[in-house]
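Let me begin by presenting the structure, written as structure tokens, before commenting on it.
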Amino acid sequence: HSPASPDMVAMVMYQKSFLHLPFYRQSKDWMEKGVPVPRETAAHWYNYCSLEYLSPVYEVMHQELLAREILHADEVPCQVLHEEGKTATSKSYMWIYLSGTDGKPPIILYDYRPGRSGDYPIEFLHGFTGMLQCDGYSAYGRIEDVVLVCCLAHCRRKFFEAVPAARRKKLKLLDVNSDEAIEDTGIPDEEKLEQLLPAEIGLLYCNKLFYLERTLKELEAEERKQQRTILEQPVWEQFWNWLGTLHPTGGSKLGKAVNYAQNHHDTLMNYMIDGRCEISNNRAERKAKSYAVGRKAFLFHTSEAGAGASAVMYSIVETAKANNLNIFQY
């Protein structure tokens with residue numbers, strides 16, 4: 001006996017999880033159309049239909065994702081007002097897991113959890129035995145039977161943050177998939193190296209690797225793997241040799257950058273094992289941003305059920321978008 005029709009509920013979901021319109025704004029919009037839909041009603045439709053009707057779709061995508069060979073993972077903070085055993089201002093997390101460039105239909109899944117414990121990715125990825133692209137967060141290192149592929153963009157960011165603000169303004173952190181072409185800055189000779197700060201030199205090595213990756217972007221996976229060995233392996237060797245000559249002050253920003261790189265020596269280079277792997281985890285960070293844009297508009301989730309429903313809906317919406325589907329019609 002609900003006044004809701006499928007297209008009305010779909011519109012509520014579409015506006016909340018794709019257009020990032022909070023329920024109170026939607027309520028005003030419905031009223032302009034002569035349809036009184038209180039924000040509580042819209043929220044109920046969204047939560048109930050997400051968890052009742054779309055969770056089975058989510059679970060099927062989850063099982064499909066675990067069968068893939070290359071995944072990306074990331075996590076982003078969120079706030080839930082009424083969460084058992086926690087204050088309203090405490091942090092919760094939306095974890096993101098998605099398929100890599102394996103040539104199969106992309107899958108993007110969000111997983112709401114009350115914290116950032118390493119138990120959460122272990123539980124979600126139970127049964128996955130492939131390569132996991134992620135940042136340097138230690139929780140991912142607890143997952144068994146996976147090969148970690150650490151993100152070079154995070155390593156580069158550490159060196160960037162160690163460059164003084166005045167000299168940082170002219171620097172760019174471009175990704176392989178950036179619209180703007182990456183400039184080949186090259187590795188400077190010894191005379192020019194003396195004019196640069198260590199953080200700037202570390203940044204140059206990282207940018208050189210990103211530039212090379214950009215040139216290999218259109219190659220087939222096996223050929224990309226071969227070219228990485230030829231072109232990028234020497235750059236990595238120079239980088240590690242140079243890094244070994246540094247003795248930064250403990251606790252300094254440069255020290256943190258050097259320690260981060262050295263602590264992830266092997267995992268930073270694991271992308272070279274498989275041509276389908278990427279040099280950065282920016283693919284996952286872009287999906288984290290999709291949620292963060294919505295979070296900026298609605299600020300918080302009222303309940304754990306609402307956060308769980310949002311995880312399902314963002315998964316449905318972002319996966320539909322990645323597969324070039326008409327989101328509202330889907």
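Each chain of the structure tokens is named A, B, ... in the order shown, its residues numbered from 1; ligands are numbered from 1 in display order.
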
If you count only C-alpha atoms, which residues fall within 9 Å of Asp274 in chain A, apart from same-chain ones fewer than 5 positions away, as a PDB file with C-alpha atoms, in the first residue's frame?
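New file out-v8.pdb:
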ATOM      1  CA  ALA A 221      49.608  -6.726 -21.228  1.00  0.00           C
ATOM      2  CA  GLU A 222      52.423  -9.126 -22.155  1.00  0.00           C
ATOM      3  CA  ARG A 224      53.820  -3.941 -21.567  1.00  0.00           C
ATOM      4  CA  LYS A 225      55.435  -6.318 -19.086  1.00  0.00           C
TER       5      LYS A 225
END

Closest-contact table, range 230-310 of chain A side, partner range 75-94 of chain A, 12 Å, counting only C-alpha atoms, as CSV:
residue,atom,partner,partner_atom,distance
A:Asn281,CA,A:Glu75,CA,11.7
A:Ala284,CA,A:Glu75,CA,8.8
A:Glu285,CA,A:Glu75,CA,8.5
A:Arg286,CA,A:Val76,CA,11.2
A:Lys287,CA,A:Glu75,CA,9.8
A:Ala288,CA,A:Val76,CA,6.3
A:Lys289,CA,A:Val76,CA,8.6
A:Ser290,CA,A:Val76,CA,10.6
A:Tyr291,CA,A:Val76,CA,8.4
A:Ala292,CA,A:Val76,CA,7.7
A:Val293,CA,A:Val76,CA,11.5
A:Gly294,CA,A:Cys78,CA,10.7
A:Arg295,CA,A:Cys78,CA,7.4
A:Lys296,CA,A:Cys78,CA,10.0
A:Phe298,CA,A:Gln79,CA,10.3
A:Leu299,CA,A:Gln79,CA,7.6
A:Phe300,CA,A:Gln79,CA,4.9
A:His301,CA,A:Val80,CA,4.7
A:Thr302,CA,A:Leu81,CA,5.0
A:Ser303,CA,A:His82,CA,5.1
A:Glu304,CA,A:Glu83,CA,6.1
A:Ala305,CA,A:Glu83,CA,9.6
A:Gly306,CA,A:Val80,CA,8.6
A:Ala307,CA,A:Val80,CA,7.2
A:Gly308,CA,A:Met94,CA,9.3
A:Ala309,CA,A:Met94,CA,11.7
A:Ser310,CA,A:Met94,CA,9.6

With a cut-off of 10 Å, could you pull out the residues of range 240-286 of chain A touching range 128-134 of chain A and give me the nearest pair of atoms for each, distance in Å to one decimal, using only C-alpha atoms, ordered by chain and ascending number, as a Markdown table?
| residue | atom | partner | partner_atom | distance |
| --- | --- | --- | --- | --- |
| A:Thr267 | CA | A:Gln133 | CA | 9.3 |
| A:Leu268 | CA | A:Gln133 | CA | 9.8 |
| A:Asn270 | CA | A:Met131 | CA | 9.0 |
| A:Tyr271 | CA | A:Gln133 | CA | 8.4 |
| A:Ile273 | CA | A:Met131 | CA | 9.7 |
| A:Asp274 | CA | A:Met131 | CA | 9.0 |
| A:Cys277 | CA | A:Gln133 | CA | 7.9 |
| A:Glu278 | CA | A:Gln133 | CA | 8.0 |
| A:Ile279 | CA | A:Gln133 | CA | 9.0 |
| A:Ser280 | CA | A:Gln133 | CA | 7.8 |
| A:Asn281 | CA | A:Cys134 | CA | 5.8 |
| A:Asn282 | CA | A:Cys134 | CA | 9.1 |
| A:Arg283 | CA | A:Gln133 | CA | 9.5 |
| A:Ala284 | CA | A:Cys134 | CA | 8.2 |
| A:Glu285 | CA | A:Cys134 | CA | 9.6 |

Using C-alpha atoms, can you export the residues from the last selection as an mmCIF file, in the first residue's frame?
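The resulting file, part28.cif, is reproduced below:
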data_model
loop_
_atom_site.group_PDB
_atom_site.id
_atom_site.type_symbol
_atom_site.label_atom_id
_atom_site.label_comp_id
_atom_site.auth_asym_id
_atom_site.auth_seq_id
_atom_site.Cartn_x
_atom_site.Cartn_y
_atom_site.Cartn_z
ATOM 1 C CA THR A 267 55.551 -4.150 -3.218
ATOM 2 C CA LEU A 268 56.207 -0.890 -5.114
ATOM 3 C CA ASN A 270 55.256 -5.798 -7.918
ATOM 4 C CA TYR A 271 53.252 -4.134 -10.700
ATOM 5 C CA ILE A 273 55.066 -8.935 -12.411
ATOM 6 C CA ASP A 274 51.897 -8.659 -14.495
ATOM 7 C CA CYS A 277 48.719 -4.235 -13.093
ATOM 8 C CA GLU A 278 48.920 -0.456 -12.817
ATOM 9 C CA ILE A 279 51.715 1.646 -11.390
ATOM 10 C CA SER A 280 49.324 3.487 -9.079
ATOM 11 C CA ASN A 281 46.138 2.842 -7.126
ATOM 12 C CA ASN A 282 44.504 6.001 -8.481
ATOM 13 C CA ARG A 283 41.752 3.875 -10.008
ATOM 14 C CA ALA A 284 40.470 3.163 -6.476
ATOM 15 C CA GLU A 285 41.081 6.725 -5.293
#

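One distance worth recording is that between CA of Ala199 in chain A and CA of Phe159 in chain A, which is 5.0 Å.
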
Show which residues sit within 10 Å of His264 in chain A, as a PyMOL selection string. Count only C-alpha atoms, and ignore same-chain residues fewer than 2 positions away.
chain A and resi 135-136+148-152+155+259-262+266-269

Can you list, as number ranges by chain, every protein, DNA or RNA residue that comes within 12 Å of Asn326 in chain A when you count only C-alpha atoms, leaving out same-chain residues fewer than 6 positions away?
A: 14, 18, 316-320

Any chance you can output those residues with N, CA and C atoms as a tab-separated table (two decimals), in the first residue's frame?
chain	number	residue	atom	x	y	z
A	14	TYR	N	18.74	7.57	-7.64
A	14	TYR	CA	19.57	8.22	-8.66
A	14	TYR	C	20.03	9.59	-8.18
A	18	PHE	N	23.94	9.38	-7.32
A	18	PHE	CA	24.61	9.81	-8.55
A	18	PHE	C	24.72	11.33	-8.63
A	316	ILE	N	26.01	-0.15	-6.95
A	316	ILE	CA	25.16	-0.32	-8.13
A	316	ILE	C	25.39	0.81	-9.13
A	317	VAL	N	25.39	2.05	-8.61
A	317	VAL	CA	25.52	3.23	-9.48
A	317	VAL	C	26.89	3.28	-10.15
A	318	GLU	N	27.97	3.11	-9.37
A	318	GLU	CA	29.32	3.23	-9.94
A	318	GLU	C	29.63	2.08	-10.90
A	319	THR	N	29.12	0.89	-10.61
A	319	THR	CA	29.33	-0.24	-11.53
A	319	THR	C	28.56	-0.02	-12.83
A	320	ALA	N	27.32	0.48	-12.72
A	320	ALA	CA	26.55	0.79	-13.93
A	320	ALA	C	27.26	1.86	-14.75

Residues at most 7 Å from Phe210 in chain A, counting only C-alpha atoms, excluding those fewer than 3 positions away in the same chain, as a short mmCIF file (atom, residue, chain, number, x, y, z; two decimals) with all heavy atoms, in the first residue's frame?
data_model
loop_
_atom_site.label_atom_id
_atom_site.label_comp_id
_atom_site.auth_asym_id
_atom_site.auth_seq_id
_atom_site.Cartn_x
_atom_site.Cartn_y
_atom_site.Cartn_z
N ASP A 175 48.85 11.69 -13.53
CA ASP A 175 48.67 10.24 -13.55
C ASP A 175 48.73 9.74 -14.98
O ASP A 175 48.64 10.51 -15.95
CB ASP A 175 47.32 9.89 -12.91
CG ASP A 175 47.12 8.40 -12.77
OD1 ASP A 175 48.11 7.70 -12.48
OD2 ASP A 175 45.99 7.92 -12.96
N VAL A 176 48.86 8.43 -15.12
CA VAL A 176 48.90 7.81 -16.45
C VAL A 176 47.65 8.15 -17.25
O VAL A 176 47.70 8.32 -18.47
CB VAL A 176 49.05 6.27 -16.31
CG1 VAL A 176 48.98 5.60 -17.67
CG2 VAL A 176 50.36 5.93 -15.62
N CYS A 206 60.11 9.40 -9.70
CA CYS A 206 58.72 8.92 -9.76
C CYS A 206 58.03 9.40 -11.04
O CYS A 206 57.34 8.64 -11.71
CB CYS A 206 57.94 9.38 -8.54
SG CYS A 206 58.51 8.67 -6.98
N ASN A 207 58.23 10.68 -11.36
CA ASN A 207 57.60 11.23 -12.57
C ASN A 207 58.13 10.56 -13.83
O ASN A 207 57.40 10.40 -14.81
CB ASN A 207 57.83 12.74 -12.65
CG ASN A 207 56.89 13.51 -11.72
OD1 ASN A 207 55.85 12.98 -11.31
ND2 ASN A 207 57.25 14.73 -11.40
N GLU A 213 55.25 4.82 -18.10
CA GLU A 213 53.98 4.07 -18.08
C GLU A 213 52.98 4.64 -19.08
O GLU A 213 52.22 3.91 -19.71
CB GLU A 213 53.38 4.10 -16.67
CG GLU A 213 53.91 3.03 -15.76
CD GLU A 213 53.56 1.63 -16.23
OE1 GLU A 213 52.36 1.29 -16.30
OE2 GLU A 213 54.48 0.86 -16.53
N ARG A 214 52.98 5.96 -19.21
CA ARG A 214 52.07 6.61 -20.16
C ARG A 214 52.36 6.16 -21.59
O ARG A 214 51.44 5.95 -22.38
CB ARG A 214 52.20 8.13 -20.02
CG ARG A 214 51.29 8.97 -20.92
CD ARG A 214 49.83 8.87 -20.51
NE ARG A 214 49.00 9.79 -21.25
CZ ARG A 214 48.41 10.86 -20.72
NH1 ARG A 214 48.56 11.15 -19.44
NH2 ARG A 214 47.65 11.63 -21.47
#

Where in range 106-275 of chain A does DSSP assign helix (DSSP H, G or I), given as a ChimeraX atom specification?
/A:119-124,138-142,152-162,165-168,190-193,198-215,221-243,253-263,265-273

For C-alpha atoms, I'd like the residues from the last selection saved as a PDB file, in the first residue's frame.
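Once everything was written out, this is result_27.pdb:
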ATOM      1  CA  ASP A 119      39.890  -7.641   9.897  1.00  0.00           C
ATOM      2  CA  TYR A 120      37.458  -5.924   7.518  1.00  0.00           C
ATOM      3  CA  PRO A 121      39.385  -6.389   4.238  1.00  0.00           C
ATOM      4  CA  ILE A 122      40.366  -9.902   5.389  1.00  0.00           C
ATOM      5  CA  GLU A 123      36.680 -10.755   5.784  1.00  0.00           C
ATOM      6  CA  PHE A 124      35.511  -9.051   2.595  1.00  0.00           C
ATOM      7  CA  SER A 138      49.522  -2.144   7.004  1.00  0.00           C
ATOM      8  CA  ALA A 139      46.023  -3.708   7.225  1.00  0.00           C
ATOM      9  CA  TYR A 140      46.314  -4.962   3.644  1.00  0.00           C
ATOM     10  CA  GLY A 141      49.523  -6.766   4.537  1.00  0.00           C
ATOM     11  CA  ARG A 142      47.562  -9.063   6.849  1.00  0.00           C
ATOM     12  CA  LEU A 152      53.727   4.663  -6.560  1.00  0.00           C
ATOM     13  CA  ALA A 153      51.454   7.735  -6.451  1.00  0.00           C
ATOM     14  CA  HIS A 154      51.438   7.521  -2.647  1.00  0.00           C
ATOM     15  CA  CYS A 155      55.227   7.242  -2.592  1.00  0.00           C
ATOM     16  CA  ARG A 156      55.542  10.218  -4.948  1.00  0.00           C
ATOM     17  CA  ARG A 157      53.165  12.267  -2.784  1.00  0.00           C
ATOM     18  CA  LYS A 158      55.505  11.807   0.198  1.00  0.00           C
ATOM     19  CA  PHE A 159      58.399  13.345  -1.770  1.00  0.00           C
ATOM     20  CA  PHE A 160      56.108  16.113  -3.041  1.00  0.00           C
ATOM     21  CA  GLU A 161      55.105  17.017   0.525  1.00  0.00           C
ATOM     22  CA  ALA A 162      58.799  17.187   1.468  1.00  0.00           C
ATOM     23  CA  ALA A 165      55.942  25.149  -0.475  1.00  0.00           C
ATOM     24  CA  ALA A 166      57.601  27.903  -2.521  1.00  0.00           C
ATOM     25  CA  ARG A 167      59.293  25.365  -4.835  1.00  0.00           C
ATOM     26  CA  ARG A 168      56.255  23.083  -4.915  1.00  0.00           C
ATOM     27  CA  GLU A 190      75.240  15.015 -11.632  1.00  0.00           C
ATOM     28  CA  GLU A 191      75.779  18.746 -12.187  1.00  0.00           C
ATOM     29  CA  LYS A 192      72.053  19.486 -12.206  1.00  0.00           C
ATOM     30  CA  LEU A 193      71.396  17.113  -9.310  1.00  0.00           C
ATOM     31  CA  PRO A 198      66.648  15.476  -2.407  1.00  0.00           C
ATOM     32  CA  ALA A 199      62.828  15.577  -2.315  1.00  0.00           C
ATOM     33  CA  GLU A 200      62.785  17.072  -5.827  1.00  0.00           C
ATOM     34  CA  ILE A 201      65.118  14.347  -7.082  1.00  0.00           C
ATOM     35  CA  GLY A 202      62.871  11.630  -5.621  1.00  0.00           C
ATOM     36  CA  LEU A 203      59.933  13.294  -7.328  1.00  0.00           C
ATOM     37  CA  LEU A 204      61.790  13.294 -10.663  1.00  0.00           C
ATOM     38  CA  TYR A 205      62.415   9.552 -10.452  1.00  0.00           C
ATOM     39  CA  CYS A 206      58.724   8.917  -9.762  1.00  0.00           C
ATOM     40  CA  ASN A 207      57.603  11.228 -12.565  1.00  0.00           C
ATOM     41  CA  LYS A 208      59.982   9.488 -14.969  1.00  0.00           C
ATOM     42  CA  LEU A 209      58.313   6.152 -14.170  1.00  0.00           C
ATOM     43  CA  PHE A 210      54.863   7.668 -14.684  1.00  0.00           C
ATOM     44  CA  TYR A 211      55.987   9.103 -18.012  1.00  0.00           C
ATOM     45  CA  LEU A 212      57.250   5.701 -19.179  1.00  0.00           C
ATOM     46  CA  GLU A 213      53.981   4.068 -18.076  1.00  0.00           C
ATOM     47  CA  ARG A 214      52.067   6.612 -20.155  1.00  0.00           C
ATOM     48  CA  THR A 215      54.026   5.574 -23.268  1.00  0.00           C
ATOM     49  CA  ALA A 221      49.608  -6.726 -21.228  1.00  0.00           C
ATOM     50  CA  GLU A 222      52.423  -9.126 -22.155  1.00  0.00           C
ATOM     51  CA  GLU A 223      54.244  -6.571 -24.291  1.00  0.00           C
ATOM     52  CA  ARG A 224      53.820  -3.941 -21.567  1.00  0.00           C
ATOM     53  CA  LYS A 225      55.435  -6.318 -19.086  1.00  0.00           C
ATOM     54  CA  GLN A 226      58.423  -6.819 -21.406  1.00  0.00           C
ATOM     55  CA  GLN A 227      58.849  -3.092 -22.042  1.00  0.00           C
ATOM     56  CA  ARG A 228      58.681  -2.355 -18.326  1.00  0.00           C
ATOM     57  CA  THR A 229      61.662  -4.628 -17.772  1.00  0.00           C
ATOM     58  CA  ILE A 230      63.619  -2.883 -20.537  1.00  0.00           C
ATOM     59  CA  LEU A 231      62.664   0.738 -19.784  1.00  0.00           C
ATOM     60  CA  GLU A 232      61.650   0.962 -16.146  1.00  0.00           C
ATOM     61  CA  GLN A 233      63.877  -1.552 -14.386  1.00  0.00           C
ATOM     62  CA  PRO A 234      67.002   0.641 -14.908  1.00  0.00           C
ATOM     63  CA  VAL A 235      65.148   3.666 -13.479  1.00  0.00           C
ATOM     64  CA  TRP A 236      64.147   1.691 -10.409  1.00  0.00           C
ATOM     65  CA  GLU A 237      67.745   0.521  -9.894  1.00  0.00           C
ATOM     66  CA  GLN A 238      69.021   4.106 -10.116  1.00  0.00           C
ATOM     67  CA  PHE A 239      66.307   5.218  -7.703  1.00  0.00           C
ATOM     68  CA  TRP A 240      67.152   2.591  -5.066  1.00  0.00           C
ATOM     69  CA  ASN A 241      70.890   3.273  -5.379  1.00  0.00           C
ATOM     70  CA  TRP A 242      70.289   7.006  -4.952  1.00  0.00           C
ATOM     71  CA  LEU A 243      67.917   6.413  -2.029  1.00  0.00           C
ATOM     72  CA  LYS A 253      59.126  14.937   5.778  1.00  0.00           C
ATOM     73  CA  LEU A 254      62.015  13.723   3.646  1.00  0.00           C
ATOM     74  CA  GLY A 255      62.709  11.036   6.225  1.00  0.00           C
ATOM     75  CA  LYS A 256      59.110   9.879   6.017  1.00  0.00           C
ATOM     76  CA  ALA A 257      59.303   9.748   2.212  1.00  0.00           C
ATOM     77  CA  VAL A 258      62.528   7.743   2.250  1.00  0.00           C
ATOM     78  CA  ASN A 259      61.245   5.340   4.912  1.00  0.00           C
ATOM     79  CA  TYR A 260      57.965   4.846   3.039  1.00  0.00           C
ATOM     80  CA  ALA A 261      59.812   3.922  -0.155  1.00  0.00           C
ATOM     81  CA  GLN A 262      62.304   1.620   1.571  1.00  0.00           C
ATOM     82  CA  ASN A 263      59.615  -0.091   3.661  1.00  0.00           C
ATOM     83  CA  HIS A 265      60.645  -1.736  -1.701  1.00  0.00           C
ATOM     84  CA  ASP A 266      59.252  -5.001  -3.069  1.00  0.00           C
ATOM     85  CA  THR A 267      55.551  -4.150  -3.218  1.00  0.00           C
ATOM     86  CA  LEU A 268      56.207  -0.890  -5.114  1.00  0.00           C
ATOM     87  CA  MET A 269      57.775  -2.945  -7.905  1.00  0.00           C
ATOM     88  CA  ASN A 270      55.256  -5.798  -7.918  1.00  0.00           C
ATOM     89  CA  TYR A 271      53.252  -4.134 -10.700  1.00  0.00           C
ATOM     90  CA  MET A 272      56.017  -5.294 -13.049  1.00  0.00           C
ATOM     91  CA  ILE A 273      55.066  -8.935 -12.411  1.00  0.00           C
TER      92      ILE A 273
END

Which residue is closest to Asp111 in chain A? Choose from A:Ala42, A:Leu173, A:Val146, A:Ala311 and count only C-alpha atoms.
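The shortest atom-to-atom distance to Asp111 in chain A comes from A:Ala311.
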
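Distances to Gly100 in chain A were evaluated for A:Leu65, A:Met8, A:Leu174, A:Val35 using only C-alpha atoms, and the minimum falls at A:Leu65.
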
Range 8-251 of chain A: residues DSSP assigns to strand (DSSP E or B), reported as a ChimeraX atom specification:
/A:70-78,80-82,92-99,108-113,131-134,147-150

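When only C-alpha atoms are used to compute distances to Leu196 in chain A, the closest of the residues A:Tyr53, A:Lys170, A:Val163, A:Ile182 turns out to be A:Val163.
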
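Among the candidate residues A:Gly275, A:Pro38, A:Gly115, A:Pro106, the one lying nearest to Pro22 in chain A is A:Pro38, with distances computed using only C-alpha atoms.
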